[in-house]
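Below is one structure, written out as structure tokens; the observations come after it.
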Amino acid sequence: MITTTKYHQTTISKKVSLDGVGLHTGKDVKLTFYPSGSNTGYVFKRVDLEGEPIVEADINYVTNTERGTCLNKNNVIIQTCEHVLASLVGLQIDNVLIELNASEPPIMDGSSKYFVEALEKAGIKQLNDKRKEFIVKNVISFKDEDSGSEITVIPSKEYQITTMVDFGTKILGTQNASISSINKFKDDISNCRTFSFLHEIEMLLNKGLIKGGDLNNAIVYVDKPLSESTMKKLKKAFNKDKIKVKSNGILDNLTLHYPNEAARHKLLDVIGDLALIGTKIRGKVIANKPGHYINTKFSKKMKDIIRDSKKNDIPEINISSKPLMDTTNIMEILPHRPPFLFIDKIYELTDDLVIGVKNVTIDEDFFKGHFPDYPVMPGVIIIEAMAQMGGILVMSKLENPQNYLTFFAKIDKVRFRNKVLPGDTIIFKCSLIGPFRRGICHMQGLAYANGKLCAEAELTAQITKVK
């Protein structure tokens with residue numbers, strides 16, 4: 001269940017910047033954290049691209065997890081975002097704009113340490129709105145049958161994380177790491193660096209990746225004999241005259257911060273990837289053999305569960321207040337006209353959410369034939385009204401919306417919960433489930449009447465230009 005906590009949301013007090021190099025691109029990168037308002041969450045901004053597009057830290061934008069977690073919104077890419085996000089979660093900062101002049105944040109030393117230091121330098125500022133969190137009441141799990149990786153969350157009084165890692169090699173073996181409170185992130189986890197095995201490094205070098213890697217921002221475990229040809233590649237890649245393996249099996253002379261630094265870094269990654277859920281969790285996360293793939297799959301499942309739990313949260317609107325849009329305004333966006341216009345007023349409209357109402361009267365045309373002696377609003381009309389709400393959500397983003405039409409492509413998970421009768425007022429809430437791509441929009445529609453959920457559906461629509 002979602003609850004409002006006693007704690008206020010936070011942001012940072014002033015902007016702060018870091019300079020470094022991207023791990024995979026090898027390009028110089030400048031990252032700047034900016035204060036942001038309540039309920040904005042974590043948002044990336046690419047200032048190196050035309051229009052300075054933004055990408056929200058949202059699990060629905062994850063497209064690749066091969067060597068880090070990659071976001072892609074309308075072909076705007078943010079690579080390896082997990083270390084930055086972990087630092088924000090670890091300091092319990094809720095809202096920040098993250099400005100980048102490249103596709104990936106600087107790798108720094110391969111941990112979250114320098115992001116934490118910069119954020120603390122900027123200072124943390126309390127906002128007016130209260131923080132919300134999802135309270136785990138039941139065990140929730142996701143397992144990847146192919147790898148055996150599994151993540152579970154169980155009820156707990158606060159956000160806790162345990163990672164259990166088995167690398168299947170003599171050089172590293174099995175490791176565990178835990179934090180009993182997110183407050184311990186800075187001291188126990190933030191400085192734990194990313195790591196890789198020698199065979200992975202060779203593969204990445206052959207693919208032209210890790211151009212920004214060196215022995216100061218990644219721990220390299222030597223899990224195979226070091227051939228002369230490999231030595232030459234590593235010397236060139238890391239700009240070293242000499243390459244050697246220490247007695248603990250680590251390439252060159254890097255000193256571990258902790259014997260289980262690898263497991264602690266996996267815990268850091270879990271925190272960063274789960275930040276993409278977009279809602280804080282009150283529960284204990286137990287991750288067995290975690291990685292970006294299983295982390296993001298679990299995050300997607302959690303986001304869906306949290307979204308479903310919100311179905312019973314009836315939007316609070318003042319019906320007697322002045323709406324954002326009345327019928328005249330609505331008809332400027334939608335092509336529908338009476339008697340087939342089923343939305344009367346819009347009270348809220350954001351980038352991913354629209355809330356409006358329909359006042360159901362006995363004079364509606366459909367009541368003439370739909371059980372005249374016991375008038376009930378047809379379910380298909382309620383779904384059509386949801387679709388019109390969705391049309392307002394997506395068409396309002398377009399220039400000259402009168403030149404476009406919205407067509408149904410698919411309807412899923414339709415449920416009718418309660419009857420709607422003449423005299424009722426339906427409150428509709430329609431929200432985006434995933435990003436709006438190539439004219440295709442995937443939305444969830446909810447309809448409430450008399451303080452209850454009366455209908456729900458997932459709608460997919462195709463936006464088509466007709467003029």
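Each chain in the structure tokens gets a letter, A, B and so on, in the order shown; residues start at 1 in every chain, and ligands are counted from 1 in the order they appear.
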I need the strand (DSSP E) residues of stretch 168-369 of chain A per DSSP on the backbone, written as a PDB file with N, CA and C atoms, in the first residue's frame.
```
ATOM      1  N   THR A 174      32.097 -16.673  -3.147  1.00  0.00           N
ATOM      2  CA  THR A 174      30.818 -16.203  -2.615  1.00  0.00           C
ATOM      3  C   THR A 174      31.031 -15.039  -1.656  1.00  0.00           C
ATOM      4  N   GLN A 175      30.212 -14.011  -1.799  1.00  0.00           N
ATOM      5  CA  GLN A 175      30.264 -12.857  -0.906  1.00  0.00           C
ATOM      6  C   GLN A 175      28.848 -12.403  -0.561  1.00  0.00           C
ATOM      7  N   ASN A 176      28.716 -11.814   0.620  1.00  0.00           N
ATOM      8  CA  ASN A 176      27.455 -11.224   1.054  1.00  0.00           C
ATOM      9  C   ASN A 176      27.697  -9.794   1.512  1.00  0.00           C
ATOM     10  N   ALA A 177      26.660  -8.980   1.436  1.00  0.00           N
ATOM     11  CA  ALA A 177      26.720  -7.611   1.961  1.00  0.00           C
ATOM     12  C   ALA A 177      25.322  -7.189   2.371  1.00  0.00           C
ATOM     13  N   SER A 178      25.217  -6.350   3.396  1.00  0.00           N
ATOM     14  CA  SER A 178      23.912  -5.896   3.895  1.00  0.00           C
ATOM     15  C   SER A 178      24.018  -4.488   4.455  1.00  0.00           C
ATOM     16  N   ILE A 179      22.915  -3.758   4.378  1.00  0.00           N
ATOM     17  CA  ILE A 179      22.752  -2.547   5.184  1.00  0.00           C
ATOM     18  C   ILE A 179      21.372  -2.611   5.831  1.00  0.00           C
ATOM     19  N   PHE A 195      33.527  -3.473 -10.624  1.00  0.00           N
ATOM     20  CA  PHE A 195      34.567  -4.485 -10.836  1.00  0.00           C
ATOM     21  C   PHE A 195      34.243  -5.308 -12.067  1.00  0.00           C
ATOM     22  N   SER A 196      35.238  -6.013 -12.529  1.00  0.00           N
ATOM     23  CA  SER A 196      35.052  -6.878 -13.677  1.00  0.00           C
ATOM     24  C   SER A 196      36.101  -7.980 -13.631  1.00  0.00           C
ATOM     25  N   PHE A 197      35.859  -9.028 -14.394  1.00  0.00           N
ATOM     26  CA  PHE A 197      36.836 -10.104 -14.531  1.00  0.00           C
ATOM     27  C   PHE A 197      37.658  -9.877 -15.794  1.00  0.00           C
ATOM     28  N   ILE A 219      37.863  -2.331 -10.415  1.00  0.00           N
ATOM     29  CA  ILE A 219      38.649  -3.437  -9.875  1.00  0.00           C
ATOM     30  C   ILE A 219      38.620  -4.561 -10.900  1.00  0.00           C
ATOM     31  N   VAL A 220      39.762  -5.051 -11.295  1.00  0.00           N
ATOM     32  CA  VAL A 220      39.836  -6.127 -12.278  1.00  0.00           C
ATOM     33  C   VAL A 220      40.359  -7.388 -11.595  1.00  0.00           C
ATOM     34  N   TYR A 221      39.520  -8.424 -11.561  1.00  0.00           N
ATOM     35  CA  TYR A 221      39.906  -9.712 -10.985  1.00  0.00           C
ATOM     36  C   TYR A 221      40.445 -10.609 -12.100  1.00  0.00           C
ATOM     37  N   LYS A 280       9.509   5.193  -3.199  1.00  0.00           N
ATOM     38  CA  LYS A 280      10.320   4.609  -2.141  1.00  0.00           C
ATOM     39  C   LYS A 280       9.628   3.377  -1.565  1.00  0.00           C
ATOM     40  N   ILE A 281      10.447   2.445  -1.077  1.00  0.00           N
ATOM     41  CA  ILE A 281       9.939   1.175  -0.556  1.00  0.00           C
ATOM     42  C   ILE A 281      10.243   1.077   0.925  1.00  0.00           C
ATOM     43  N   ARG A 282       9.264   0.619   1.689  1.00  0.00           N
ATOM     44  CA  ARG A 282       9.508   0.252   3.074  1.00  0.00           C
ATOM     45  C   ARG A 282       9.444  -1.269   3.145  1.00  0.00           C
ATOM     46  N   LYS A 284      12.400  -5.039   3.152  1.00  0.00           N
ATOM     47  CA  LYS A 284      13.757  -5.561   3.057  1.00  0.00           C
ATOM     48  C   LYS A 284      13.937  -6.291   1.737  1.00  0.00           C
ATOM     49  N   VAL A 285      14.902  -5.838   0.947  1.00  0.00           N
ATOM     50  CA  VAL A 285      15.204  -6.434  -0.342  1.00  0.00           C
ATOM     51  C   VAL A 285      16.324  -7.450  -0.164  1.00  0.00           C
ATOM     52  N   ILE A 286      16.089  -8.656  -0.628  1.00  0.00           N
ATOM     53  CA  ILE A 286      17.090  -9.729  -0.572  1.00  0.00           C
ATOM     54  C   ILE A 286      17.401 -10.129  -2.006  1.00  0.00           C
ATOM     55  N   ALA A 287      18.619  -9.842  -2.447  1.00  0.00           N
ATOM     56  CA  ALA A 287      19.002 -10.083  -3.836  1.00  0.00           C
ATOM     57  C   ALA A 287      20.036 -11.193  -3.918  1.00  0.00           C
ATOM     58  N   ASN A 288      19.681 -12.281  -4.560  1.00  0.00           N
ATOM     59  CA  ASN A 288      20.578 -13.417  -4.744  1.00  0.00           C
ATOM     60  C   ASN A 288      21.110 -13.400  -6.177  1.00  0.00           C
ATOM     61  N   LYS A 345     -15.512  17.718 -18.162  1.00  0.00           N
ATOM     62  CA  LYS A 345     -14.536  18.667 -17.628  1.00  0.00           C
ATOM     63  C   LYS A 345     -13.210  17.962 -17.342  1.00  0.00           C
ATOM     64  N   ILE A 346     -12.117  18.720 -17.447  1.00  0.00           N
ATOM     65  CA  ILE A 346     -10.783  18.248 -17.086  1.00  0.00           C
ATOM     66  C   ILE A 346     -10.290  19.089 -15.917  1.00  0.00           C
ATOM     67  N   TYR A 347      -9.812  18.410 -14.862  1.00  0.00           N
ATOM     68  CA  TYR A 347      -9.354  19.106 -13.662  1.00  0.00           C
ATOM     69  C   TYR A 347      -7.839  19.051 -13.467  1.00  0.00           C
ATOM     70  N   GLU A 348      -7.187  18.083 -14.110  1.00  0.00           N
ATOM     71  CA  GLU A 348      -5.729  17.984 -13.978  1.00  0.00           C
ATOM     72  C   GLU A 348      -5.164  17.406 -15.262  1.00  0.00           C
ATOM     73  N   LEU A 349      -4.054  17.973 -15.730  1.00  0.00           N
ATOM     74  CA  LEU A 349      -3.402  17.499 -16.941  1.00  0.00           C
ATOM     75  C   LEU A 349      -1.902  17.729 -16.808  1.00  0.00           C
ATOM     76  N   LEU A 353      -0.488  12.219 -16.982  1.00  0.00           N
ATOM     77  CA  LEU A 353      -1.715  11.977 -16.229  1.00  0.00           C
ATOM     78  C   LEU A 353      -2.788  12.985 -16.611  1.00  0.00           C
ATOM     79  N   VAL A 354      -4.030  12.511 -16.696  1.00  0.00           N
ATOM     80  CA  VAL A 354      -5.168  13.400 -16.899  1.00  0.00           C
ATOM     81  C   VAL A 354      -6.315  12.939 -16.000  1.00  0.00           C
ATOM     82  N   ILE A 355      -7.002  13.883 -15.387  1.00  0.00           N
ATOM     83  CA  ILE A 355      -8.144  13.585 -14.520  1.00  0.00           C
ATOM     84  C   ILE A 355      -9.313  14.458 -14.965  1.00  0.00           C
ATOM     85  N   GLY A 356     -10.450  13.840 -15.141  1.00  0.00           N
ATOM     86  CA  GLY A 356     -11.645  14.570 -15.560  1.00  0.00           C
ATOM     87  C   GLY A 356     -12.910  13.889 -15.099  1.00  0.00           C
ATOM     88  N   VAL A 357     -14.068  14.477 -15.452  1.00  0.00           N
ATOM     89  CA  VAL A 357     -15.338  13.937 -14.971  1.00  0.00           C
ATOM     90  C   VAL A 357     -16.367  13.855 -16.091  1.00  0.00           C
ATOM     91  N   LYS A 358     -17.341  12.996 -15.865  1.00  0.00           N
ATOM     92  CA  LYS A 358     -18.530  12.871 -16.697  1.00  0.00           C
ATOM     93  C   LYS A 358     -19.729  12.834 -15.762  1.00  0.00           C
ATOM     94  N   ASN A 359     -20.644  13.795 -15.919  1.00  0.00           N
ATOM     95  CA  ASN A 359     -21.890  13.805 -15.156  1.00  0.00           C
ATOM     96  C   ASN A 359     -22.931  13.013 -15.931  1.00  0.00           C
TER      97      ASN A 359
END
```
Residues within 6 Å of stretch 154-156 of chain A, please, as a PDB file with N, CA and C atoms, in the first residue's frame. Count only C-alpha atoms; anything in the same chain fewer than 6 positions from it doesn't count.
```
ATOM      1  N   VAL A 136       5.536  -2.612   2.043  1.00  0.00           N
ATOM      2  CA  VAL A 136       5.451  -4.012   1.634  1.00  0.00           C
ATOM      3  C   VAL A 136       4.692  -4.798   2.702  1.00  0.00           C
ATOM      4  N   LYS A 137       3.574  -5.388   2.307  1.00  0.00           N
ATOM      5  CA  LYS A 137       2.756  -6.187   3.226  1.00  0.00           C
ATOM      6  C   LYS A 137       2.911  -7.688   2.993  1.00  0.00           C
ATOM      7  N   VAL A 139       5.214 -10.918   0.677  1.00  0.00           N
ATOM      8  CA  VAL A 139       6.468 -11.258  -0.002  1.00  0.00           C
ATOM      9  C   VAL A 139       6.272 -11.113  -1.513  1.00  0.00           C
ATOM     10  N   GLY A 283      10.603  -1.895   3.089  1.00  0.00           N
ATOM     11  CA  GLY A 283      10.691  -3.338   3.074  1.00  0.00           C
ATOM     12  C   GLY A 283      12.144  -3.757   2.971  1.00  0.00           C
ATOM     13  N   LYS A 284      12.400  -5.039   3.152  1.00  0.00           N
ATOM     14  CA  LYS A 284      13.757  -5.561   3.057  1.00  0.00           C
ATOM     15  C   LYS A 284      13.937  -6.291   1.737  1.00  0.00           C
TER      16      LYS A 284
END
```
DSSP on the backbone: which residues in stretch 304-352 of chain A end up as helix (DSSP H, G or I)? Give the answer as an MDAnalysis selection string.
chainID A and resid 304:312 327:333
Would you mind exporting N, CA and C atoms of the selected residues as a PDB file, in the first residue's frame?
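Output file selection12.pdb follows:
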```pdb
ATOM      1  N   ASP A 304       4.663  -2.077 -11.403  1.00  0.00           N
ATOM      2  CA  ASP A 304       3.321  -2.528 -11.781  1.00  0.00           C
ATOM      3  C   ASP A 304       2.463  -2.792 -10.545  1.00  0.00           C
ATOM      4  N   ILE A 305       3.054  -3.423  -9.531  1.00  0.00           N
ATOM      5  CA  ILE A 305       2.309  -3.697  -8.291  1.00  0.00           C
ATOM      6  C   ILE A 305       1.903  -2.397  -7.608  1.00  0.00           C
ATOM      7  N   ILE A 306       2.823  -1.446  -7.564  1.00  0.00           N
ATOM      8  CA  ILE A 306       2.527  -0.149  -6.942  1.00  0.00           C
ATOM      9  C   ILE A 306       1.452   0.586  -7.734  1.00  0.00           C
ATOM     10  N   ARG A 307       1.545   0.510  -9.056  1.00  0.00           N
ATOM     11  CA  ARG A 307       0.522   1.142  -9.890  1.00  0.00           C
ATOM     12  C   ARG A 307      -0.854   0.541  -9.612  1.00  0.00           C
ATOM     13  N   ASP A 308      -0.899  -0.782  -9.490  1.00  0.00           N
ATOM     14  CA  ASP A 308      -2.179  -1.432  -9.214  1.00  0.00           C
ATOM     15  C   ASP A 308      -2.718  -1.047  -7.841  1.00  0.00           C
ATOM     16  N   SER A 309      -1.796  -0.858  -6.884  1.00  0.00           N
ATOM     17  CA  SER A 309      -2.251  -0.489  -5.532  1.00  0.00           C
ATOM     18  C   SER A 309      -2.851   0.908  -5.501  1.00  0.00           C
ATOM     19  N   LYS A 310      -2.496   1.714  -6.495  1.00  0.00           N
ATOM     20  CA  LYS A 310      -3.022   3.078  -6.544  1.00  0.00           C
ATOM     21  C   LYS A 310      -4.441   3.141  -7.106  1.00  0.00           C
ATOM     22  N   LYS A 311      -4.932   2.013  -7.599  1.00  0.00           N
ATOM     23  CA  LYS A 311      -6.260   2.027  -8.211  1.00  0.00           C
ATOM     24  C   LYS A 311      -7.342   2.452  -7.231  1.00  0.00           C
ATOM     25  N   ASN A 312      -7.133   2.137  -5.980  1.00  0.00           N
ATOM     26  CA  ASN A 312      -8.139   2.483  -4.974  1.00  0.00           C
ATOM     27  C   ASN A 312      -7.950   3.886  -4.405  1.00  0.00           C
ATOM     28  N   THR A 327     -16.220  21.808 -21.655  1.00  0.00           N
ATOM     29  CA  THR A 327     -16.576  21.078 -22.875  1.00  0.00           C
ATOM     30  C   THR A 327     -16.065  21.778 -24.132  1.00  0.00           C
ATOM     31  N   THR A 328     -16.145  23.104 -24.149  1.00  0.00           N
ATOM     32  CA  THR A 328     -15.663  23.857 -25.307  1.00  0.00           C
ATOM     33  C   THR A 328     -14.168  23.638 -25.522  1.00  0.00           C
ATOM     34  N   ASN A 329     -13.399  23.708 -24.441  1.00  0.00           N
ATOM     35  CA  ASN A 329     -11.954  23.474 -24.549  1.00  0.00           C
ATOM     36  C   ASN A 329     -11.655  22.053 -24.998  1.00  0.00           C
ATOM     37  N   ILE A 330     -12.422  21.102 -24.476  1.00  0.00           N
ATOM     38  CA  ILE A 330     -12.210  19.693 -24.828  1.00  0.00           C
ATOM     39  C   ILE A 330     -12.435  19.472 -26.318  1.00  0.00           C
ATOM     40  N   MET A 331     -13.465  20.125 -26.871  1.00  0.00           N
ATOM     41  CA  MET A 331     -13.771  19.936 -28.293  1.00  0.00           C
ATOM     42  C   MET A 331     -12.737  20.597 -29.194  1.00  0.00           C
ATOM     43  N   GLU A 332     -11.885  21.459 -28.629  1.00  0.00           N
ATOM     44  CA  GLU A 332     -10.792  22.025 -29.406  1.00  0.00           C
ATOM     45  C   GLU A 332      -9.650  21.021 -29.579  1.00  0.00           C
ATOM     46  N   ILE A 333      -9.641  19.987 -28.719  1.00  0.00           N
ATOM     47  CA  ILE A 333      -8.598  18.955 -28.775  1.00  0.00           C
ATOM     48  C   ILE A 333      -9.123  17.671 -29.402  1.00  0.00           C
TER      49      ILE A 333
END
```
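Among the candidates A:Ile277, A:Val96, A:Leu85, A:Met231, the residue lying nearest to A:Gln9 is A:Val96 (atoms considered: only C-alpha atoms).
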By how many Å are atom CA of A:Asn138 and atom CA of A:Glu158 apart?
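Here the two named atoms are 14.5 Å from each other.
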Wanna dump the stretch 255-312 of chain A-stretch 142-149 of chain A contacts at 12 Å for me, each residue with its shortest atom pair and the distance in Å to one decimal, counting only C-alpha atoms, ordered by chain and number, as a Markdown table?
```
| residue | atom | partner | partner_atom | distance |
| --- | --- | --- | --- | --- |
| A:Val285 | CA | A:Phe142 | CA | 11.4 |
| A:Ile286 | CA | A:Phe142 | CA | 10.8 |
| A:Ala287 | CA | A:Ser149 | CA | 7.8 |
| A:Asn288 | CA | A:Ser149 | CA | 5.6 |
| A:Lys289 | CA | A:Ser149 | CA | 4.9 |
| A:Pro290 | CA | A:Ser149 | CA | 6.1 |
| A:Gly291 | CA | A:Ser149 | CA | 8.0 |
| A:His292 | CA | A:Ser149 | CA | 10.7 |
| A:Tyr293 | CA | A:Asp144 | CA | 9.1 |
| A:Ile294 | CA | A:Ser149 | CA | 6.7 |
| A:Asn295 | CA | A:Phe142 | CA | 9.2 |
| A:Thr296 | CA | A:Phe142 | CA | 10.3 |
| A:Lys297 | CA | A:Phe142 | CA | 7.5 |
| A:Phe298 | CA | A:Phe142 | CA | 5.7 |
| A:Ser299 | CA | A:Phe142 | CA | 9.4 |
| A:Lys300 | CA | A:Phe142 | CA | 10.0 |
| A:Lys301 | CA | A:Phe142 | CA | 7.8 |
| A:Met302 | CA | A:Phe142 | CA | 9.5 |
```
Restricting the output to N, CA and C atoms, write the selected residues as a PDB file, in the first residue's frame.
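This is the output file out.pdb:
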```pdb
ATOM      1  N   VAL A 285      14.902  -5.838   0.947  1.00  0.00           N
ATOM      2  CA  VAL A 285      15.204  -6.434  -0.342  1.00  0.00           C
ATOM      3  C   VAL A 285      16.324  -7.450  -0.164  1.00  0.00           C
ATOM      4  N   ILE A 286      16.089  -8.656  -0.628  1.00  0.00           N
ATOM      5  CA  ILE A 286      17.090  -9.729  -0.572  1.00  0.00           C
ATOM      6  C   ILE A 286      17.401 -10.129  -2.006  1.00  0.00           C
ATOM      7  N   ALA A 287      18.619  -9.842  -2.447  1.00  0.00           N
ATOM      8  CA  ALA A 287      19.002 -10.083  -3.836  1.00  0.00           C
ATOM      9  C   ALA A 287      20.036 -11.193  -3.918  1.00  0.00           C
ATOM     10  N   ASN A 288      19.681 -12.281  -4.560  1.00  0.00           N
ATOM     11  CA  ASN A 288      20.578 -13.417  -4.744  1.00  0.00           C
ATOM     12  C   ASN A 288      21.110 -13.400  -6.177  1.00  0.00           C
ATOM     13  N   LYS A 289      22.424 -13.254  -6.317  1.00  0.00           N
ATOM     14  CA  LYS A 289      23.080 -13.144  -7.612  1.00  0.00           C
ATOM     15  C   LYS A 289      22.492 -11.977  -8.419  1.00  0.00           C
ATOM     16  N   PRO A 290      22.490 -10.773  -7.849  1.00  0.00           N
ATOM     17  CA  PRO A 290      21.893  -9.643  -8.573  1.00  0.00           C
ATOM     18  C   PRO A 290      22.738  -9.179  -9.749  1.00  0.00           C
ATOM     19  N   GLY A 291      22.110  -8.525 -10.650  1.00  0.00           N
ATOM     20  CA  GLY A 291      22.738  -7.901 -11.811  1.00  0.00           C
ATOM     21  C   GLY A 291      21.731  -6.934 -12.397  1.00  0.00           C
ATOM     22  N   HIS A 292      22.157  -6.128 -13.339  1.00  0.00           N
ATOM     23  CA  HIS A 292      21.261  -5.092 -13.861  1.00  0.00           C
ATOM     24  C   HIS A 292      20.004  -5.682 -14.508  1.00  0.00           C
ATOM     25  N   TYR A 293      20.130  -6.837 -15.153  1.00  0.00           N
ATOM     26  CA  TYR A 293      18.959  -7.447 -15.798  1.00  0.00           C
ATOM     27  C   TYR A 293      17.897  -7.820 -14.762  1.00  0.00           C
ATOM     28  N   ILE A 294      18.277  -8.597 -13.753  1.00  0.00           N
ATOM     29  CA  ILE A 294      17.304  -9.023 -12.748  1.00  0.00           C
ATOM     30  C   ILE A 294      16.834  -7.829 -11.918  1.00  0.00           C
ATOM     31  N   ASN A 295      17.731  -6.876 -11.645  1.00  0.00           N
ATOM     32  CA  ASN A 295      17.344  -5.687 -10.870  1.00  0.00           C
ATOM     33  C   ASN A 295      16.227  -4.920 -11.566  1.00  0.00           C
ATOM     34  N   THR A 296      16.385  -4.713 -12.870  1.00  0.00           N
ATOM     35  CA  THR A 296      15.395  -3.918 -13.598  1.00  0.00           C
ATOM     36  C   THR A 296      14.108  -4.706 -13.843  1.00  0.00           C
ATOM     37  N   LYS A 297      14.204  -6.013 -14.006  1.00  0.00           N
ATOM     38  CA  LYS A 297      12.985  -6.828 -14.134  1.00  0.00           C
ATOM     39  C   LYS A 297      12.174  -6.771 -12.838  1.00  0.00           C
ATOM     40  N   PHE A 298      12.869  -6.850 -11.708  1.00  0.00           N
ATOM     41  CA  PHE A 298      12.191  -6.754 -10.419  1.00  0.00           C
ATOM     42  C   PHE A 298      11.592  -5.354 -10.242  1.00  0.00           C
ATOM     43  N   SER A 299      12.330  -4.329 -10.662  1.00  0.00           N
ATOM     44  CA  SER A 299      11.824  -2.962 -10.564  1.00  0.00           C
ATOM     45  C   SER A 299      10.548  -2.787 -11.373  1.00  0.00           C
ATOM     46  N   LYS A 300      10.517  -3.374 -12.568  1.00  0.00           N
ATOM     47  CA  LYS A 300       9.310  -3.291 -13.404  1.00  0.00           C
ATOM     48  C   LYS A 300       8.131  -3.967 -12.716  1.00  0.00           C
ATOM     49  N   LYS A 301       8.375  -5.125 -12.123  1.00  0.00           N
ATOM     50  CA  LYS A 301       7.295  -5.815 -11.418  1.00  0.00           C
ATOM     51  C   LYS A 301       6.809  -4.978 -10.243  1.00  0.00           C
ATOM     52  N   MET A 302       7.726  -4.392  -9.482  1.00  0.00           N
ATOM     53  CA  MET A 302       7.337  -3.558  -8.346  1.00  0.00           C
ATOM     54  C   MET A 302       6.554  -2.332  -8.803  1.00  0.00           C
TER      55      MET A 302
END
```
Tell me, as a PyMOL selection string, which residues lie within 12 Å of A:Val116, counting only C-alpha atoms; anything in the same chain fewer than 3 positions away does not count.
chain A and resi 12+16-18+33+83-93+108+111-113+119-124+185-187+189-191
Saved selection, atoms kept: N, CA and C atoms, as a compact mmCIF listing (two decimals), in the first residue's frame:
```txt
# COMPACT_ATOMS: atom_id res chain seq x y z
N ILE A 12 18.18 19.49 -3.41
CA ILE A 12 19.44 20.09 -2.97
C ILE A 12 19.28 21.61 -2.90
N VAL A 16 25.45 21.96 -8.25
CA VAL A 16 26.83 21.52 -8.04
C VAL A 16 27.24 20.66 -9.23
N SER A 17 28.50 20.76 -9.63
CA SER A 17 28.97 20.08 -10.84
C SER A 17 30.15 19.17 -10.57
N LEU A 18 30.28 18.14 -11.42
CA LEU A 18 31.44 17.26 -11.42
C LEU A 18 31.91 17.09 -12.85
N PHE A 33 24.15 18.73 -10.90
CA PHE A 33 22.91 18.51 -10.16
C PHE A 33 22.24 19.86 -9.93
N HIS A 83 24.90 4.49 -10.66
CA HIS A 83 25.73 5.01 -9.57
C HIS A 83 25.25 6.38 -9.11
N VAL A 84 24.82 7.20 -10.07
CA VAL A 84 24.28 8.52 -9.73
C VAL A 84 22.98 8.37 -8.93
N LEU A 85 22.10 7.50 -9.40
CA LEU A 85 20.81 7.30 -8.73
C LEU A 85 21.01 6.73 -7.32
N ALA A 86 21.96 5.83 -7.17
CA ALA A 86 22.22 5.25 -5.85
C ALA A 86 22.64 6.33 -4.86
N SER A 87 23.45 7.28 -5.32
CA SER A 87 23.89 8.35 -4.41
C SER A 87 22.72 9.19 -3.93
N LEU A 88 21.76 9.44 -4.80
CA LEU A 88 20.58 10.24 -4.43
C LEU A 88 19.70 9.49 -3.45
N VAL A 89 19.47 8.21 -3.72
CA VAL A 89 18.68 7.41 -2.80
C VAL A 89 19.39 7.28 -1.46
N GLY A 90 20.70 7.06 -1.51
CA GLY A 90 21.46 6.88 -0.28
C GLY A 90 21.46 8.10 0.62
N LEU A 91 21.35 9.29 0.04
CA LEU A 91 21.29 10.52 0.83
C LEU A 91 19.84 10.95 1.08
N GLN A 92 18.90 10.15 0.61
CA GLN A 92 17.46 10.41 0.77
C GLN A 92 17.08 11.78 0.19
N ILE A 93 17.59 12.02 -1.01
CA ILE A 93 17.21 13.19 -1.79
C ILE A 93 16.17 12.74 -2.81
N MET A 108 34.00 8.50 -12.64
CA MET A 108 34.75 8.86 -11.43
C MET A 108 35.63 7.69 -11.01
N SER A 111 32.51 4.26 -8.23
CA SER A 111 31.57 4.13 -7.12
C SER A 111 30.64 5.34 -7.12
N SER A 112 29.93 5.53 -6.01
CA SER A 112 29.06 6.70 -5.84
C SER A 112 29.71 7.77 -4.96
N LYS A 113 30.91 7.52 -4.53
CA LYS A 113 31.55 8.37 -3.53
C LYS A 113 31.57 9.85 -3.91
N LEU A 119 26.89 16.19 -3.68
CA LEU A 119 25.54 16.46 -3.21
C LEU A 119 25.55 17.02 -1.79
N GLU A 120 26.43 16.48 -0.96
CA GLU A 120 26.52 17.01 0.40
C GLU A 120 27.07 18.44 0.39
N LYS A 121 27.97 18.71 -0.54
CA LYS A 121 28.49 20.07 -0.68
C LYS A 121 27.37 21.04 -1.08
N ALA A 122 26.47 20.58 -1.93
CA ALA A 122 25.34 21.42 -2.36
C ALA A 122 24.36 21.66 -1.23
N GLY A 123 24.27 20.71 -0.30
CA GLY A 123 23.33 20.83 0.81
C GLY A 123 21.97 20.26 0.47
N ILE A 124 21.26 19.80 1.47
CA ILE A 124 19.95 19.20 1.28
C ILE A 124 18.88 20.14 1.82
N PHE A 185 24.26 4.06 3.92
CA PHE A 185 24.79 3.99 2.55
C PHE A 185 26.10 4.76 2.41
N LYS A 186 26.12 5.99 2.87
CA LYS A 186 27.31 6.83 2.69
C LYS A 186 28.56 6.17 3.27
N ASP A 187 28.48 5.68 4.51
CA ASP A 187 29.67 5.16 5.19
C ASP A 187 30.04 3.75 4.75
N ILE A 189 28.68 1.85 1.86
CA ILE A 189 28.47 1.37 0.49
C ILE A 189 28.98 2.34 -0.57
N SER A 190 28.86 3.64 -0.34
CA SER A 190 29.05 4.62 -1.42
C SER A 190 30.42 4.56 -2.09
N ASN A 191 31.46 4.16 -1.38
CA ASN A 191 32.81 4.16 -1.96
C ASN A 191 33.20 2.81 -2.57
```
Find the residues around A:Val76 up to 10 Å (only C-alpha atoms counted), leave out those fewer than 2 positions away in its own chain, and share them as JSON, numbers by chain.
{"A": [45, 46, 49, 52, 53, 54, 55, 71, 72, 73, 74, 78, 103]}
Using only C-alpha atoms, tabulate the residues of stretch 353-407 of chain A lying at most 8 Å from any atom of stretch 335-343 of chain A, each with its closest atom pair and that distance in Å to one decimal, by chain and increasing residue number, as a Markdown table.
```
| residue | atom | partner | partner_atom | distance |
| --- | --- | --- | --- | --- |
| A:Gly356 | CA | A:Ile343 | CA | 7.1 |
| A:Val357 | CA | A:Ile343 | CA | 6.1 |
| A:Lys358 | CA | A:Ile343 | CA | 5.1 |
| A:Glu364 | CA | A:Pro339 | CA | 7.9 |
| A:Asp365 | CA | A:Pro339 | CA | 7.1 |
| A:Ile381 | CA | A:Phe342 | CA | 8.0 |
| A:Glu384 | CA | A:Phe342 | CA | 7.7 |
| A:Ala385 | CA | A:Phe342 | CA | 5.2 |
| A:Gln388 | CA | A:Ile343 | CA | 7.2 |
| A:Met389 | CA | A:Ile343 | CA | 7.2 |
| A:Gln402 | CA | A:Pro335 | CA | 7.0 |
| A:Leu405 | CA | A:Pro335 | CA | 7.3 |
```
